[in-house]
>>> print(open('final.txt').read())   # compact mmCIF, C-alpha atoms
# COMPACT_ATOMS: atom_id res chain seq x y z
CA MET A 710 -1.03 -30.29 -5.16
CA SER A 711 -1.47 -31.03 -8.81
CA LEU A 712 -1.46 -28.15 -11.20
CA GLN A 713 -2.40 -29.01 -14.75
CA LEU A 714 -2.68 -26.15 -17.14
CA ASP A 715 -4.28 -26.53 -20.52
CA PHE A 716 -3.81 -23.32 -22.43
CA PRO A 717 -4.71 -24.56 -25.96
CA ALA A 718 -8.26 -25.37 -24.84
CA VAL A 719 -8.71 -21.74 -23.85
CA LEU A 720 -6.59 -20.14 -26.53
CA GLU A 721 -8.78 -21.52 -29.31
CA ARG A 722 -11.27 -18.86 -28.23
CA TRP A 723 -8.85 -16.16 -29.31
CA PRO A 724 -11.39 -14.29 -31.49
CA HIS A 725 -13.49 -13.70 -28.36
CA PHE A 726 -10.48 -12.51 -26.39
CA LEU A 727 -9.55 -10.11 -29.18
CA ALA A 728 -13.09 -8.76 -29.44
CA GLY A 729 -13.13 -8.22 -25.67
CA ALA A 730 -9.78 -6.44 -25.75
CA ALA A 731 -11.02 -4.23 -28.59
CA LEU A 732 -14.13 -3.29 -26.63
CA THR A 733 -12.01 -2.54 -23.55
CA LEU A 734 -9.89 -0.16 -25.64
CA GLU A 735 -13.02 1.40 -27.12
CA LEU A 736 -14.51 1.92 -23.64
CA ALA A 737 -11.24 3.45 -22.46
CA ALA A 738 -10.95 5.72 -25.50
CA PHE A 739 -14.49 7.12 -25.27
CA SER A 740 -14.36 7.70 -21.53
CA THR A 741 -10.86 9.16 -21.65
CA VAL A 742 -11.90 11.81 -24.17
CA CYS A 743 -15.22 12.62 -22.46
CA GLY A 744 -13.65 12.45 -19.00
CA ALA A 745 -10.82 14.78 -19.98
CA VAL A 746 -13.34 17.39 -21.15
CA LEU A 747 -15.58 16.94 -18.09
CA GLY A 748 -12.61 17.02 -15.73
CA THR A 749 -11.17 20.17 -17.27
CA LEU A 750 -14.55 21.90 -16.99
CA ALA A 751 -14.84 20.80 -13.35
CA ALA A 752 -11.33 22.08 -12.63
CA VAL A 753 -12.20 25.45 -14.20
CA GLY A 754 -15.48 25.42 -12.27
CA ARG A 755 -13.72 24.89 -8.94
CA GLY A 756 -11.85 28.12 -9.47
CA ALA A 757 -15.00 30.05 -10.41
CA HIS A 758 -15.93 33.22 -8.53
CA ASN A 759 -19.53 32.00 -8.32
CA SER A 760 -19.46 29.99 -5.09
CA LEU A 761 -22.44 27.89 -6.20
CA ILE A 762 -20.53 26.57 -9.23
CA ALA A 763 -17.32 26.15 -7.26
CA GLY A 764 -19.17 24.29 -4.50
CA ALA A 765 -20.98 21.99 -6.92
CA CYS A 766 -17.69 21.10 -8.61
CA LYS A 767 -16.04 20.38 -5.25
CA ILE A 768 -18.91 18.11 -4.18
CA TYR A 769 -18.72 16.25 -7.51
CA VAL A 770 -14.98 15.66 -7.19
CA GLU A 771 -15.06 14.61 -3.54
CA ALA A 772 -18.14 12.37 -3.92
CA ILE A 773 -16.59 10.47 -6.82
CA ARG A 774 -13.10 10.21 -5.37
CA ASN A 775 -14.37 8.77 -2.10
CA THR A 776 -16.70 6.05 -3.39
CA PRO A 777 -15.86 2.84 -5.29
CA LEU A 778 -16.26 2.72 -9.07
CA LEU A 779 -18.34 -0.46 -8.74
CA VAL A 780 -20.95 1.40 -6.68
CA GLN A 781 -20.91 4.32 -9.13
CA ILE A 782 -21.53 2.00 -12.06
CA PHE A 783 -24.49 0.36 -10.33
CA LEU A 784 -25.90 3.76 -9.37
CA VAL A 785 -25.72 5.01 -12.96
CA TYR A 786 -27.07 1.71 -14.30
CA PHE A 787 -30.07 1.51 -11.96
CA GLY A 788 -30.48 5.25 -11.71
CA LEU A 789 -31.04 5.59 -15.45
CA ALA A 790 -33.31 2.56 -15.40
CA SER A 791 -35.44 3.95 -12.57
CA LEU A 792 -35.86 7.15 -14.61
CA GLY A 793 -37.30 4.92 -17.30
CA LEU A 794 -34.35 5.43 -19.63
CA LYS A 795 -33.02 2.40 -21.44
CA PHE A 796 -29.44 2.43 -22.68
CA SER A 797 -27.07 -0.30 -23.77
CA ALA A 798 -24.59 -1.60 -21.21
CA PHE A 799 -21.84 0.01 -23.29
CA THR A 800 -23.39 3.49 -23.03
CA VAL A 801 -23.93 3.11 -19.30
CA ALA A 802 -20.33 1.93 -18.89
CA VAL A 803 -18.96 4.93 -20.83
CA ALA A 804 -21.14 7.31 -18.79
CA ALA A 805 -20.03 5.84 -15.45
CA LEU A 806 -16.35 5.72 -16.41
CA THR A 807 -16.54 9.30 -17.72
CA ILE A 808 -18.05 10.57 -14.48
CA ASN A 809 -15.40 8.65 -12.55
CA VAL A 810 -12.30 9.72 -14.46
CA GLY A 811 -13.63 13.27 -14.76
CA ALA A 812 -13.24 13.74 -10.99
CA TYR A 813 -9.64 12.51 -10.99
CA THR A 814 -8.80 14.58 -14.05
CA ALA A 815 -10.27 17.65 -12.32
CA GLU A 816 -7.90 17.22 -9.37
CA ILE A 817 -4.89 16.78 -11.64
CA MET A 818 -5.85 19.77 -13.82
CA ARG A 819 -6.40 21.92 -10.75
CA ALA A 820 -2.85 21.17 -9.64
CA GLY A 821 -1.73 22.20 -13.13
CA PHE A 822 -3.68 25.48 -12.99
CA GLU A 823 -2.25 26.29 -9.57
CA ALA A 824 1.27 25.79 -10.87
CA ILE A 825 0.89 28.58 -13.47
CA PRO A 826 2.88 31.58 -12.18
CA ARG A 827 0.65 34.60 -11.52
CA GLY A 828 3.11 36.82 -13.38
CA GLN A 829 2.48 35.04 -16.66
CA ILE A 830 -1.22 35.84 -16.51
CA GLU A 831 -0.45 39.46 -15.61
CA ALA A 832 1.99 39.65 -18.49
CA ALA A 833 -0.67 38.31 -20.84
CA GLU A 834 -3.13 40.91 -19.55
CA GLY A 835 -0.48 43.54 -20.13
CA LEU A 836 -0.18 42.36 -23.72
CA ALA A 837 -3.94 42.89 -24.06
CA LEU A 838 -4.78 39.28 -24.78
CA SER A 839 -8.48 38.53 -24.46
CA ARG A 840 -9.71 36.45 -21.54
CA LEU A 841 -10.27 33.49 -23.85
CA GLN A 842 -6.78 33.79 -25.29
CA ILE A 843 -5.30 33.96 -21.80
CA TYR A 844 -7.24 30.89 -20.71
CA TRP A 845 -6.20 28.91 -23.76
CA HIS A 846 -2.57 29.91 -24.31
CA ILE A 847 -1.36 30.92 -20.85
CA ILE A 848 -3.34 28.68 -18.52
CA LEU A 849 -4.84 25.62 -20.18
CA LEU A 850 -2.14 24.45 -22.61
CA PRO A 851 0.84 24.98 -20.26
CA ALA A 852 -1.13 23.31 -17.43
CA ILE A 853 -1.82 20.25 -19.58
CA GLU A 854 1.81 20.16 -20.60
CA ARG A 855 2.87 20.21 -16.97
CA VAL A 856 0.51 17.49 -15.72
CA TYR A 857 0.62 15.33 -18.86
CA PRO A 858 2.42 12.38 -17.17
CA ALA A 859 -0.06 12.31 -14.27
CA LEU A 860 -2.99 12.54 -16.68
CA THR A 861 -1.80 9.70 -18.87
CA SER A 862 -1.19 7.32 -15.97
CA GLN A 863 -4.68 8.15 -14.75
CA PHE A 864 -6.05 7.20 -18.17
CA VAL A 865 -4.15 3.88 -18.13
CA LEU A 866 -5.64 3.21 -14.69
CA LEU A 867 -9.05 3.99 -16.18
CA MET A 868 -8.52 1.35 -18.89
CA LEU A 869 -7.72 -1.20 -16.17
CA ALA A 870 -10.66 -0.06 -14.05
CA SER A 871 -13.01 -0.57 -17.00
CA SER A 872 -12.79 -4.29 -16.14
CA VAL A 873 -15.39 -3.51 -13.47
CA CYS A 874 -17.91 -2.88 -16.26
CA SER A 875 -18.10 -6.65 -16.66
CA GLN A 876 -20.42 -6.52 -13.67
CA ILE A 877 -23.14 -4.80 -15.71
CA SER A 878 -22.53 -7.19 -18.61
CA ALA A 879 -20.72 -4.83 -20.95
CA GLU A 880 -18.92 -7.34 -23.17
CA GLU A 881 -15.38 -6.14 -22.50
CA LEU A 882 -12.32 -8.26 -21.81
CA THR A 883 -13.12 -9.36 -18.25
CA ALA A 884 -16.73 -10.18 -19.14
CA VAL A 885 -15.45 -12.30 -22.03
CA ALA A 886 -13.13 -14.06 -19.57
CA ASN A 887 -15.97 -14.75 -17.16
CA TYR A 888 -17.96 -16.22 -20.00
CA ILE A 889 -15.11 -18.37 -21.38
CA GLN A 890 -14.12 -19.73 -17.97
CA SER A 891 -17.67 -20.79 -17.21
CA ASP A 892 -17.79 -22.48 -20.60
CA THR A 893 -14.42 -24.27 -20.49
CA TYR A 894 -13.98 -24.76 -16.72
CA ARG A 895 -10.43 -23.49 -17.26
CA ALA A 896 -10.62 -20.46 -14.99
CA PHE A 897 -6.97 -20.10 -14.04
CA GLU A 898 -5.71 -20.34 -17.64
CA THR A 899 -8.38 -17.89 -18.82
CA TYR A 900 -7.50 -15.23 -16.29
CA ILE A 901 -3.76 -15.65 -16.90
CA ILE A 902 -4.35 -14.96 -20.60
CA VAL A 903 -6.56 -11.99 -19.75
CA ALA A 904 -3.97 -10.61 -17.34
CA VAL A 905 -1.33 -10.81 -20.09
CA LEU A 906 -3.70 -9.06 -22.50
CA TYR A 907 -4.30 -6.24 -19.99
CA ILE A 908 -0.55 -5.84 -19.47
CA ILE A 909 -0.08 -5.59 -23.25
CA LEU A 910 -2.95 -3.07 -23.49
CA SER A 911 -1.45 -0.90 -20.76
CA LEU A 912 1.99 -1.02 -22.39
CA VAL A 913 0.44 -0.06 -25.74
CA MET A 914 -1.44 2.82 -24.13
CA ARG A 915 1.65 4.09 -22.33
CA ALA A 916 3.69 3.93 -25.54
CA GLY A 917 0.89 5.72 -27.40
CA PHE A 918 0.68 8.54 -24.84
CA TRP A 919 4.46 8.85 -24.84
CA GLY A 920 4.47 9.25 -28.61
CA LEU A 921 1.56 11.67 -28.48
CA GLY A 922 3.43 13.70 -25.87
CA LEU A 923 6.45 13.98 -28.15
CA VAL A 924 4.25 15.34 -30.94
CA LEU A 925 2.12 17.64 -28.77
CA PHE A 926 4.80 19.09 -26.54
CA PRO A 927 7.97 19.64 -28.58
CA ARG A 928 9.10 22.22 -26.02
CA ARG A 929 9.07 19.62 -23.29
CA ARG A 930 11.12 17.33 -25.51
CA ARG A 931 13.70 20.04 -26.06
CA LEU A 932 13.92 20.73 -22.34
CA GLY A 933 14.52 17.03 -21.81
CA THR A 934 11.80 16.73 -19.16
CA PRO A 935 10.67 13.15 -18.86
CA LEU A 936 7.21 12.46 -20.23
CA MET B 655 -40.15 -8.18 -3.56
CA GLY B 656 -39.79 -8.66 0.14
CA GLY B 657 -41.26 -5.56 1.70
CA HIS B 658 -39.34 -2.54 2.89
CA LEU B 659 -35.93 -1.75 4.18
CA ASN B 660 -35.97 -2.51 7.90
CA ILE B 661 -33.59 -2.55 10.82
CA ASN B 662 -32.43 -6.10 10.04
CA HIS B 663 -31.33 -5.07 6.58
CA LEU B 664 -29.43 -2.13 8.04
CA MET B 665 -27.78 -4.39 10.62
CA PHE B 666 -26.71 -6.69 7.80
CA LEU B 667 -25.27 -3.76 5.86
CA GLY B 668 -23.49 -2.61 9.02
CA GLN B 669 -21.92 -6.03 9.38
CA GLY B 670 -20.79 -5.80 5.76
CA ALA B 671 -19.26 -2.41 6.49
CA LEU B 672 -17.29 -3.92 9.38
CA TRP B 673 -15.95 -6.60 7.02
CA THR B 674 -14.97 -3.87 4.56
CA ILE B 675 -12.92 -2.27 7.32
CA GLY B 676 -11.52 -5.66 8.34
CA LEU B 677 -10.48 -6.55 4.80
CA SER B 678 -8.96 -3.06 4.36
CA VAL B 679 -6.85 -3.56 7.50
CA ILE B 680 -5.71 -6.99 6.29
CA ALA B 681 -4.79 -5.52 2.89
CA LEU B 682 -2.99 -2.58 4.50
CA ILE B 683 -0.93 -4.71 6.89
CA GLY B 684 -0.18 -7.48 4.37
CA GLY B 685 0.45 -5.02 1.55
CA GLY B 686 2.49 -2.83 3.87
CA ILE B 687 4.86 -5.64 4.86
CA VAL B 688 5.34 -6.92 1.30
CA GLY B 689 5.38 -3.37 -0.05
CA PHE B 690 8.20 -2.40 2.32
CA ALA B 691 10.23 -5.35 1.05
CA ILE B 692 9.45 -4.25 -2.54
CA ALA B 693 10.52 -0.68 -1.80
CA LEU B 694 13.86 -1.86 -0.42
CA ALA B 695 14.30 -4.35 -3.27
CA ARG B 696 13.72 -1.58 -5.83
CA ILE B 697 16.79 0.30 -4.53
CA SER B 698 18.85 -2.79 -3.77
CA PRO B 699 22.57 -2.72 -4.72
CA LEU B 700 21.97 -6.03 -6.55
CA LYS B 701 20.82 -5.49 -10.10
CA SER B 702 18.93 -8.79 -10.30
CA VAL B 703 16.86 -7.89 -7.20
CA ARG B 704 16.12 -4.45 -8.64
CA ILE B 705 14.97 -5.91 -11.94
CA ALA B 706 12.87 -8.67 -10.33
CA SER B 707 11.04 -6.20 -8.09
CA ALA B 708 10.53 -3.75 -10.98
CA VAL B 709 9.01 -6.54 -13.08
CA TYR B 710 6.68 -7.46 -10.22
CA VAL B 711 5.48 -3.87 -9.91
CA GLN B 712 4.97 -3.52 -13.67
CA LEU B 713 3.01 -6.78 -13.88
CA ILE B 714 0.69 -5.92 -10.99
CA GLN B 715 0.22 -2.29 -12.07
CA GLY B 716 -0.62 -3.45 -15.58
CA THR B 717 -3.37 -5.82 -14.45
CA PRO B 718 -6.81 -4.83 -13.13
CA LEU B 719 -7.46 -5.74 -9.49
CA LEU B 720 -10.57 -7.61 -10.62
CA VAL B 721 -8.44 -10.00 -12.70
CA ILE B 722 -5.92 -10.38 -9.85
CA LEU B 723 -8.81 -11.32 -7.55
CA PHE B 724 -10.04 -13.95 -10.00
CA LEU B 725 -6.48 -15.25 -10.39
CA GLY B 726 -6.10 -15.50 -6.62
CA TYR B 727 -9.48 -17.14 -6.22
CA PHE B 728 -9.15 -19.70 -9.01
CA GLY B 729 -5.37 -19.96 -8.89
CA LEU B 730 -5.23 -21.08 -5.27
CA ALA B 731 -7.97 -23.59 -6.07
CA ALA B 732 -6.09 -24.78 -9.15
CA ILE B 733 -3.03 -25.75 -7.10
CA GLY B 734 -5.32 -27.75 -4.84
CA LEU B 735 -5.66 -25.32 -1.94
CA LYS B 736 -9.17 -25.00 -0.59
CA VAL B 737 -9.38 -21.39 0.51
CA SER B 738 -12.17 -19.19 1.78
CA SER B 739 -13.11 -16.09 -0.17
CA LEU B 740 -11.61 -14.05 2.69
CA THR B 741 -8.21 -15.71 2.20
CA ALA B 742 -8.36 -15.34 -1.57
CA ALA B 743 -9.40 -11.69 -1.35
CA GLY B 744 -6.86 -10.94 1.39
CA ALA B 745 -4.01 -12.54 -0.57
CA SER B 746 -4.94 -10.82 -3.85
CA LEU B 747 -5.33 -7.41 -2.23
CA THR B 748 -2.00 -7.89 -0.42
CA LEU B 749 -0.21 -8.50 -3.73
CA TYR B 750 -1.98 -5.53 -5.33
CA VAL B 751 -1.43 -3.08 -2.48
CA ALA B 752 2.21 -4.15 -2.14
CA ALA B 753 3.01 -3.09 -5.72
CA TYR B 754 1.53 0.40 -5.26
CA LEU B 755 2.79 1.03 -1.71
CA GLY B 756 6.20 -0.29 -2.73
CA GLU B 757 6.41 2.31 -5.49
CA ILE B 758 5.12 5.12 -3.26
CA TRP B 759 7.60 4.27 -0.52
CA ARG B 760 10.51 3.86 -2.92
CA GLY B 761 9.85 7.41 -4.08
CA CYS B 762 9.77 8.61 -0.46
CA ILE B 763 13.03 6.85 0.43
CA GLN B 764 14.72 8.28 -2.65
CA SER B 765 13.44 11.78 -1.93
CA VAL B 766 15.44 11.95 1.31
CA PRO B 767 18.05 14.56 0.33
CA LYS B 768 21.27 13.19 -1.15
CA PRO B 769 23.58 14.86 1.44
CA GLN B 770 21.89 12.77 4.15
CA TRP B 771 22.96 9.58 2.37
CA GLU B 772 26.46 10.92 1.83
CA ALA B 773 26.80 12.16 5.43
CA ALA B 774 25.74 8.75 6.74
CA GLU B 775 28.30 7.13 4.50
CA GLY B 776 30.89 9.65 5.62
CA LEU B 777 30.25 8.65 9.23
CA ALA B 778 31.09 5.07 8.25
CA LEU B 779 27.61 3.76 9.04
CA SER B 780 26.90 0.36 7.53
CA ARG B 781 24.20 0.09 4.88
CA ILE B 782 21.70 -1.22 7.43
CA GLN B 783 22.58 1.45 9.99
CA ARG B 784 22.28 4.15 7.36
CA MET B 785 18.81 2.92 6.38
CA MET B 786 17.51 2.40 9.91
CA LYS B 787 18.98 5.42 11.66
CA VAL B 788 19.20 8.10 8.98
CA ILE B 789 17.08 7.48 5.90
CA LEU B 790 13.96 5.64 7.08
CA PRO B 791 13.09 7.99 9.97
CA GLN B 792 13.01 10.86 7.47
CA ALA B 793 11.33 8.81 4.74
CA ILE B 794 8.48 7.82 7.07
CA ARG B 795 7.67 11.51 7.59
CA ILE B 796 7.53 12.06 3.84
CA ALA B 797 5.58 8.84 3.28
CA THR B 798 2.76 9.44 5.75
CA PRO B 799 0.46 11.71 3.67
CA PRO B 800 0.54 9.62 0.45
CA THR B 801 0.11 6.42 2.46
CA VAL B 802 -2.99 7.75 4.20
CA GLY B 803 -4.21 8.89 0.78
CA PHE B 804 -3.68 5.41 -0.61
CA MET B 805 -5.71 3.91 2.24
CA VAL B 806 -8.72 5.52 0.56
CA GLN B 807 -7.93 3.49 -2.55
CA ILE B 808 -7.64 0.33 -0.44
CA VAL B 809 -11.05 0.83 1.18
CA LYS B 810 -12.66 1.48 -2.21
CA ASN B 811 -10.92 -1.45 -3.86
CA THR B 812 -12.16 -3.94 -1.26
CA SER B 813 -15.56 -3.48 -2.93
CA LEU B 814 -14.26 -5.70 -5.74
CA ALA B 815 -13.88 -8.62 -3.30
CA SER B 816 -17.66 -8.92 -3.68
CA VAL B 817 -17.13 -10.64 -7.06
CA VAL B 818 -15.41 -13.62 -5.42
CA GLY B 819 -18.28 -13.91 -2.98
CA PHE B 820 -16.78 -12.22 0.05
CA VAL B 821 -19.63 -10.57 1.95
CA GLU B 822 -18.34 -7.08 2.60
CA LEU B 823 -20.35 -3.87 2.25
CA MET B 824 -20.91 -4.10 -1.52
CA ARG B 825 -21.87 -7.78 -1.47
CA SER B 826 -24.18 -7.32 1.49
CA GLY B 827 -25.83 -4.51 -0.46
CA GLN B 828 -26.33 -6.82 -3.42
CA ILE B 829 -27.82 -9.49 -1.14
CA VAL B 830 -30.24 -7.02 0.45
CA ASN B 831 -31.14 -5.76 -3.02
CA ASN B 832 -31.93 -9.31 -4.13
CA SER B 833 -34.68 -9.50 -1.55
CA LEU B 834 -35.99 -5.93 -1.77
CA PHE B 835 -35.24 -4.96 -5.35
CA GLU B 836 -34.77 -1.28 -4.71
CA PRO B 837 -31.36 -0.99 -6.31
CA PHE B 838 -31.06 2.79 -6.49
CA ALA B 839 -31.93 3.38 -2.83
CA ILE B 840 -29.72 0.57 -1.58
CA TYR B 841 -26.68 1.47 -3.70
CA ALA B 842 -27.12 5.08 -2.61
CA ILE B 843 -26.91 3.94 1.03
CA ILE B 844 -23.82 1.88 0.14
CA ALA B 845 -22.23 4.86 -1.60
CA VAL B 846 -22.86 7.13 1.41
CA THR B 847 -21.38 4.51 3.73
CA TYR B 848 -18.22 4.24 1.63
CA PHE B 849 -18.02 8.02 1.53
CA ALA B 850 -18.29 8.17 5.33
CA MET B 851 -15.33 5.79 5.58
CA CYS B 852 -13.15 7.37 2.89
CA TYR B 853 -13.71 11.11 3.22
CA PRO B 854 -12.20 11.44 6.73
CA LEU B 855 -9.12 9.62 5.43
CA SER B 856 -8.94 11.99 2.44
CA LEU B 857 -9.23 15.04 4.68
CA PHE B 858 -6.62 13.67 7.07
CA SER B 859 -4.25 13.01 4.18
CA GLN B 860 -4.73 16.57 2.86
CA LYS B 861 -4.13 17.99 6.32
CA LEU B 862 -0.93 15.99 6.73
CA GLU B 863 0.20 17.15 3.30
CA ARG B 864 -0.34 20.80 4.18
CA ARG B 865 1.48 20.40 7.48
CA MET B 866 4.36 18.69 5.66
CA GLY B 867 4.44 21.48 3.11
CA ARG B 868 4.92 24.02 5.89
CA GLY B 869 7.58 21.91 7.59
CA ARG B 870 9.46 21.42 4.37
CA SER B 871 9.46 25.03 3.35
CA ASN B 872 11.02 25.82 6.73
CA LEU B 873 13.73 23.27 6.08
CA ALA B 874 14.42 24.45 2.55
CA PRO B 875 17.92 25.89 2.12
CA ALA B 876 18.01 29.65 1.64
>>> encode(input="final.txt", output="structure tokens")
Amino acid sequence: MSLQLDFPAVLERWPHFLAGAALTLELAAFSTVCGAVLGTLAAVGRGAHNSLIAGACKIYVEAIRNTPLLVQIFLVYFGLASLGLKFSAFTVAVAALTINVGAYTAEIMRAGFEAIPRGQIEAAEGLALSRLQIYWHIILLPAIERVYPALTSQFVLLMLASSVCSQISAEELTAVANYIQSDTYRAFETYIIVAVLYIILSLVMRAGFWGLGLVLFPRRRRLGTPL
Amino acid sequence: MGGHLNINHLMFLGQGALWTIGLSVIALIGGGIVGFAIALARISPLKSVRIASAVYVQLIQGTPLLVILFLGYFGLAAIGLKVSSLTAAGASLTLYVAAYLGEIWRGCIQSVPKPQWEAAEGLALSRIQRMMKVILPQAIRIATPPTVGFMVQIVKNTSLASVVGFVELMRSGQIVNNSLFEPFAIYAIIAVTYFAMCYPLSLFSQKLERRMGRGRSNLAPA
């Protein structure tokens, strides 16, 4: 048992680590925004009267939630390639992560929609709001407000899960680590540093979402509900 | 380019699927034991124990499983232990699952209604008696649906053990693909196999949740 750690040898690659962390955040940001939109649409679709749309949305959500992200990434990667389409690893990674987080977002949003009291929608109809207005003011915004904590922890999980994109050689943080450890033979030190960086990233994201929640949902702040 | 998918390839994939189940069971049992300790530590009367367990959970939940797997794989080697990829993957998944199950179960223990805790105290039960005879039997009922739901996550997450060379379903798919080079078809088969393992668990978890919902609404005070 002899454990000798040599952090300086690895830490001198800090520009690479920072670039990887930046790309991880970029991946997370793009797929969070796209996934939130896709997931909301899928949640709306599941409640559609058209059973074809509702069924398709249900299949999408269940298929994604019951298969590993790693398999999904490979399917998107090779699926696009077999269609003869060439994209960068970054684009493929964003697409796969979007499809993945969209399914989880859809489930969370659906719970939010179901929690809207029926009476509020009837009241809005009574006030002669248009369908669009009802959807936006009475259903969508209050639903987001209600499920905001669940959504944000899902997005932090997405950032962590983006590490899997290293397997299709998107140059994010874990891929950088794989590269540095094979170059320096200092695997343990490298992954400790990367773990610390991920923890910092997730703390930063949580703080960011918390702050955003305070700005977006002043009512929630007044009520004192935890974000 | 080694010809077409044949029965041998499918047998190999089937073997990988069995290892996926095996690794999931190891992770569930190992993570369950450690996770139970974490759940109790999180509500310990000792502040230092509470803080230590909370830090553990935060650290693990802030790190991707992939990095934990690499840390387990290279870390055990770095302290001079020669371990198989099964041991490394099993140990890493245990640590990972423990943090999440610990948090789920802590929530379940704490959601046992307050009067139950007070009544147990009023009957002069010791702390251990109160836990074993009053709180845990009720907490287990509450904990069953989310635990079954989390088993889906465990099965899916074992796919990452492929990166440290453990030949489970995903890795066996990659190996078959290396000889056939039909990635889309092979990964589609892999995806369907994972779905066949996970979806029954998802449905079961939903069913348990609905049954619980009924039971709880009956218990709700008027």
>>> interface_residues(input="final.txt", of="chain A", to="chain B", cutoff="7 Å", atoms="only C-alpha atoms", output="ChimeraX atom specification")
/A:710-712,772,775-777,780,784,787-788,869-870,872-873,896-897,900,904,907-908,911
>>> residues_around(input="final.txt", residues="Ile768 (chain A)", least_positions_apart="2", cutoff="12 Å", atoms="only C-alpha atoms", output="MDAnalysis selection string")
(chainID A and resid 751 754:755 760:766 770:775 812 815) or (chainID B and resid 849 853)
>>> closest_residue(input="final.txt", among="A:Arg819, A:Pro927, A:Phe716, A:Thr800", to="Lys767 (chain A)", atoms="only C-alpha atoms")
A:Arg819
>>> residues_around(input="final.txt", residues="Arg784 (chain B)", least_positions_apart="4", cutoff="9 Å", atoms="only C-alpha atoms", output="list in words")
Trp771, Ala774, Glu775, Ala778, Leu779, Ser780, Val788, Ile789 and Leu790 of chain B
>>> residues_around(input="final.txt", residues="Ala728 (chain A)", least_positions_apart="6", cutoff="12 Å", atoms="only C-alpha atoms", output="list in words")
Arg722, Leu734, Glu735, Glu880, Glu881, Leu882, Thr883, Ala884, Val885, Ala886 and Leu906 of chain A
>>> atom_distance(input="final.txt", atom1="CA of Phe690 (chain B)", atom2="CA of Gly756 (chain B)")
5.8 Å
>>> closest_residue(input="final.txt", among="A:Gly811, A:Gly922, A:Pro851, A:Gly917", to="Cys743 (chain A)", atoms="all atoms listed in the file")
A:Gly811
>>> closest_residue(input="final.txt", among="B:Met785, B:Ile692, B:Gly676, B:Ser738", to="Tyr750 (chain B)", atoms="all atoms listed in the file")
B:Ile692
>>> atom_distance(input="final.txt", atom1="CA of Ile830 (chain A)", atom2="CA of Leu921 (chain A)")
27.1 Å
>>> closest_residue(input="final.txt", among="A:Glu823, A:Glu816, A:Glu898, A:Glu834", to="Gly748 (chain A)", atoms="only C-alpha atoms")
A:Glu816
>>> closest_atom_pairs(input="final.txt", of="region 749-788 of chain B", to="region 706-711 of chain B", cutoff="12 Å", atoms="only C-alpha atoms", output="CSV")
residue,atom,partner,partner_atom,distance
B:Leu749,CA,B:Tyr710,CA,9.5
B:Tyr750,CA,B:Val711,CA,8.9
B:Val751,CA,B:Val711,CA,10.2
B:Ala752,CA,B:Val711,CA,8.4
B:Ala753,CA,B:Val711,CA,4.9
B:Tyr754,CA,B:Val711,CA,7.4
B:Leu755,CA,B:Val711,CA,9.9
B:Gly756,CA,B:Val711,CA,8.1
B:Glu757,CA,B:Val711,CA,7.7
B:Ile758,CA,B:Val711,CA,11.2
B:Arg760,CA,B:Ala708,CA,11.1
>>> atom_distance(input="final.txt", atom1="CA of Arg895 (chain A)", atom2="CA of Leu740 (chain B)")
22.1 Å
>>> closest_residue(input="final.txt", among="A:Cys874, A:Thr893, A:Ala833, A:Pro858", to="Ala916 (chain A)", atoms="only C-alpha atoms")
A:Pro858
>>> closest_residue(input="final.txt", among="B:Ile796, B:Ile829, B:Leu694, B:Val802", to="Gly670 (chain B)", atoms="only C-alpha atoms")
B:Ile829
>>> axis_aligned_box(input="final.txt", around="region 844-853 of chain A", padding_each_side="4 Å", output="AutoDock Vina command-line options")
--center_x -3.2 --center_y 25.6 --center_z -20.9 --size_x 16.1 --size_y 18.7 --size_z 14.9
